[in-house]
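Colleague: Sharing model_5.cif, mmCIF, N, CA and C atoms:
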data_final
#
loop_
_atom_site.label_atom_id
_atom_site.label_comp_id
_atom_site.auth_asym_id
_atom_site.auth_seq_id
_atom_site.Cartn_x
_atom_site.Cartn_y
_atom_site.Cartn_z
N MET A 1 127.99 -28.26 -121.43
CA MET A 1 127.47 -27.57 -122.60
C MET A 1 127.83 -28.31 -123.88
N THR A 2 129.04 -28.84 -123.96
CA THR A 2 129.48 -29.57 -125.14
C THR A 2 128.63 -30.82 -125.36
N ILE A 3 128.27 -31.47 -124.28
CA ILE A 3 127.45 -32.67 -124.38
C ILE A 3 126.07 -32.32 -124.94
N LEU A 4 125.51 -31.21 -124.50
CA LEU A 4 124.20 -30.78 -125.00
C LEU A 4 124.25 -30.50 -126.51
N VAL A 5 125.30 -29.84 -126.95
CA VAL A 5 125.46 -29.55 -128.38
C VAL A 5 125.60 -30.85 -129.17
N THR A 6 126.34 -31.80 -128.65
CA THR A 6 126.52 -33.09 -129.31
C THR A 6 125.20 -33.83 -129.41
N ILE A 7 124.43 -33.84 -128.34
CA ILE A 7 123.13 -34.50 -128.34
C ILE A 7 122.20 -33.82 -129.34
N LEU A 8 122.21 -32.51 -129.41
CA LEU A 8 121.38 -31.79 -130.38
C LEU A 8 121.79 -32.12 -131.81
N ARG A 9 123.08 -32.23 -132.05
CA ARG A 9 123.56 -32.59 -133.39
C ARG A 9 123.04 -33.97 -133.79
N TYR A 10 123.13 -34.92 -132.87
CA TYR A 10 122.63 -36.26 -133.15
C TYR A 10 121.13 -36.24 -133.42
N LEU A 11 120.39 -35.50 -132.63
CA LEU A 11 118.94 -35.42 -132.84
C LEU A 11 118.60 -34.80 -134.19
N VAL A 12 119.31 -33.74 -134.55
CA VAL A 12 119.08 -33.11 -135.85
C VAL A 12 119.41 -34.08 -136.98
N ALA A 13 120.49 -34.83 -136.84
CA ALA A 13 120.87 -35.80 -137.87
C ALA A 13 119.81 -36.90 -138.01
N ILE A 14 119.32 -37.40 -136.88
CA ILE A 14 118.30 -38.47 -136.91
C ILE A 14 117.00 -37.96 -137.51
N VAL A 15 116.57 -36.78 -137.11
CA VAL A 15 115.34 -36.21 -137.66
C VAL A 15 115.52 -35.94 -139.15
N GLY A 16 116.68 -35.46 -139.57
CA GLY A 16 116.95 -35.22 -140.98
C GLY A 16 116.88 -36.50 -141.80
N MET A 17 117.46 -37.58 -141.28
CA MET A 17 117.38 -38.87 -141.98
C MET A 17 115.95 -39.35 -142.08
N GLY A 18 115.17 -39.13 -141.02
CA GLY A 18 113.76 -39.52 -141.05
C GLY A 18 112.99 -38.74 -142.10
N ILE A 19 113.28 -37.46 -142.23
CA ILE A 19 112.59 -36.63 -143.23
C ILE A 19 112.95 -37.10 -144.64
N VAL A 20 114.23 -37.38 -144.89
CA VAL A 20 114.65 -37.86 -146.20
C VAL A 20 113.99 -39.21 -146.52
N ALA A 21 113.93 -40.10 -145.54
CA ALA A 21 113.29 -41.41 -145.74
C ALA A 21 111.81 -41.24 -146.04
N PHE A 22 111.15 -40.34 -145.34
CA PHE A 22 109.72 -40.11 -145.56
C PHE A 22 109.47 -39.58 -146.97
N ILE A 23 110.29 -38.64 -147.42
CA ILE A 23 110.13 -38.08 -148.76
C ILE A 23 110.36 -39.17 -149.82
N ALA A 24 111.37 -39.99 -149.64
CA ALA A 24 111.63 -41.07 -150.59
C ALA A 24 110.46 -42.05 -150.61
N TRP A 25 109.92 -42.37 -149.45
CA TRP A 25 108.79 -43.29 -149.35
C TRP A 25 107.58 -42.73 -150.09
N LYS A 26 107.32 -41.43 -149.90
CA LYS A 26 106.18 -40.80 -150.57
C LYS A 26 106.38 -40.79 -152.09
N LEU A 27 107.60 -40.51 -152.55
CA LEU A 27 107.87 -40.50 -153.99
C LEU A 27 107.68 -41.88 -154.61
N VAL A 28 108.15 -42.91 -153.93
CA VAL A 28 107.98 -44.27 -154.44
C VAL A 28 106.50 -44.64 -154.46
N ASN A 29 105.77 -44.28 -153.42
CA ASN A 29 104.34 -44.58 -153.40
C ASN A 29 103.61 -43.87 -154.52
N ARG A 30 103.99 -42.62 -154.80
CA ARG A 30 103.36 -41.87 -155.88
C ARG A 30 103.65 -42.52 -157.23
N GLN A 31 104.91 -42.95 -157.43
CA GLN A 31 105.26 -43.60 -158.69
C GLN A 31 104.54 -44.93 -158.82
N GLU A 32 104.45 -45.68 -157.71
CA GLU A 32 103.76 -46.95 -157.69
C GLU A 32 102.31 -46.80 -158.13
N ALA A 33 101.65 -45.80 -157.60
CA ALA A 33 100.23 -45.60 -157.88
C ALA A 33 99.98 -45.23 -159.34
N LYS A 34 100.93 -44.55 -159.97
CA LYS A 34 100.73 -44.08 -161.34
C LYS A 34 101.20 -45.09 -162.39
N ASP A 35 102.09 -45.99 -162.04
CA ASP A 35 102.75 -46.83 -163.04
C ASP A 35 102.48 -48.31 -162.76
N ALA A 36 101.60 -48.91 -163.58
CA ALA A 36 101.25 -50.31 -163.38
C ALA A 36 102.45 -51.23 -163.66
N GLU A 37 103.30 -50.88 -164.63
CA GLU A 37 104.46 -51.70 -164.94
C GLU A 37 105.46 -51.70 -163.78
N PHE A 38 105.63 -50.54 -163.14
CA PHE A 38 106.51 -50.44 -161.98
C PHE A 38 105.95 -51.29 -160.84
N GLN A 39 104.65 -51.26 -160.64
CA GLN A 39 104.02 -52.06 -159.59
C GLN A 39 104.22 -53.54 -159.87
N LYS A 40 104.12 -53.95 -161.14
CA LYS A 40 104.33 -55.36 -161.49
C LYS A 40 105.77 -55.76 -161.18
N LYS A 41 106.74 -54.89 -161.47
CA LYS A 41 108.14 -55.19 -161.16
C LYS A 41 108.34 -55.37 -159.66
N LEU A 42 107.71 -54.50 -158.86
CA LEU A 42 107.82 -54.63 -157.41
C LEU A 42 107.18 -55.91 -156.91
N ASP A 43 106.02 -56.26 -157.47
CA ASP A 43 105.35 -57.50 -157.06
C ASP A 43 106.18 -58.72 -157.44
N ASP A 44 106.77 -58.70 -158.65
CA ASP A 44 107.63 -59.81 -159.07
C ASP A 44 108.84 -59.93 -158.15
N ASP A 45 109.41 -58.81 -157.77
CA ASP A 45 110.56 -58.82 -156.86
C ASP A 45 110.17 -59.36 -155.49
N ASP A 46 108.99 -58.97 -155.00
CA ASP A 46 108.51 -59.49 -153.72
C ASP A 46 108.30 -61.00 -153.78
N ALA A 47 107.74 -61.48 -154.89
CA ALA A 47 107.51 -62.93 -155.04
C ALA A 47 108.84 -63.67 -155.10
N ARG A 48 109.82 -63.11 -155.83
CA ARG A 48 111.14 -63.72 -155.93
C ARG A 48 111.82 -63.76 -154.56
N ALA A 49 111.68 -62.70 -153.80
CA ALA A 49 112.29 -62.65 -152.47
C ALA A 49 111.61 -63.62 -151.52
N ALA A 50 110.30 -63.81 -151.68
CA ALA A 50 109.57 -64.71 -150.78
C ALA A 50 110.00 -66.16 -150.96
N LYS A 51 110.33 -66.56 -152.18
CA LYS A 51 110.74 -67.96 -152.39
C LYS A 51 112.25 -68.12 -152.39
N GLY A 52 112.97 -67.03 -152.30
CA GLY A 52 114.42 -67.10 -152.32
C GLY A 52 114.91 -66.71 -153.70
N ARG A 53 116.02 -66.07 -153.77
CA ARG A 53 116.53 -65.55 -155.04
C ARG A 53 116.74 -66.66 -156.07
N PHE A 54 117.18 -67.83 -155.62
CA PHE A 54 117.52 -68.91 -156.56
C PHE A 54 116.58 -70.11 -156.41
N GLY A 55 115.39 -69.89 -155.89
CA GLY A 55 114.44 -70.97 -155.74
C GLY A 55 114.65 -71.71 -154.42
N PRO A 56 113.93 -72.79 -154.25
CA PRO A 56 114.05 -73.54 -152.99
C PRO A 56 115.42 -74.19 -152.85
N PRO A 57 115.85 -74.45 -151.63
CA PRO A 57 117.15 -75.07 -151.43
C PRO A 57 117.16 -76.49 -151.97
N PRO A 58 118.31 -76.99 -152.42
CA PRO A 58 118.38 -78.36 -152.96
C PRO A 58 118.14 -79.38 -151.84
N LYS A 59 117.53 -80.50 -152.24
CA LYS A 59 117.28 -81.58 -151.29
C LYS A 59 118.54 -82.45 -151.18
N MET A 60 118.84 -82.82 -149.96
CA MET A 60 120.05 -83.62 -149.74
C MET A 60 119.66 -85.04 -149.43
#
How would this structure read if it were set down as structure tokens?
Modeller:
Amino acid sequence: MTILVTILRYLVAIVGMGIVAFIAWKLVNRQEAKDAEFQKKLDDDDARAAKGRFGPPPKM
């Protein structure tokens, strides 16, 4: 019985984290759609991450 309760607790915790992540994702998407400046910041961050934070590695 204790094992069943433990498994249920883990399942509730995982589902709860999923719900929180989904709500955060929806809020960010809503803000993205309404705010062009926020979208530009995200695009700039994606471009910076794609090439590396500090640019290409030095040539040796």
Colleague: Expressed in Å to a single decimal, how great is the separation between atom N of A:Leu42 and atom CA of A:Gly18?
Modeller: 24.0 Å
Colleague: Report as JSON the centre and the edge lengths, in Å to one decimal, of the axis-aligned box holding every listed atom of stretch 9-20 of chain A, padded by 8 Å on each side.
Modeller:
{"center_x": 118.1, "center_y": -35.9, "center_z": -139.3, "size_x": 27.0, "size_y": 23.3, "size_z": 30.5}
Colleague: With DSSP run on the backbone, what are the alpha helix (DSSP H) residues within chain A? I'd like them as a PyMOL selection string.
Modeller: chain A and resi 2-34+36-51
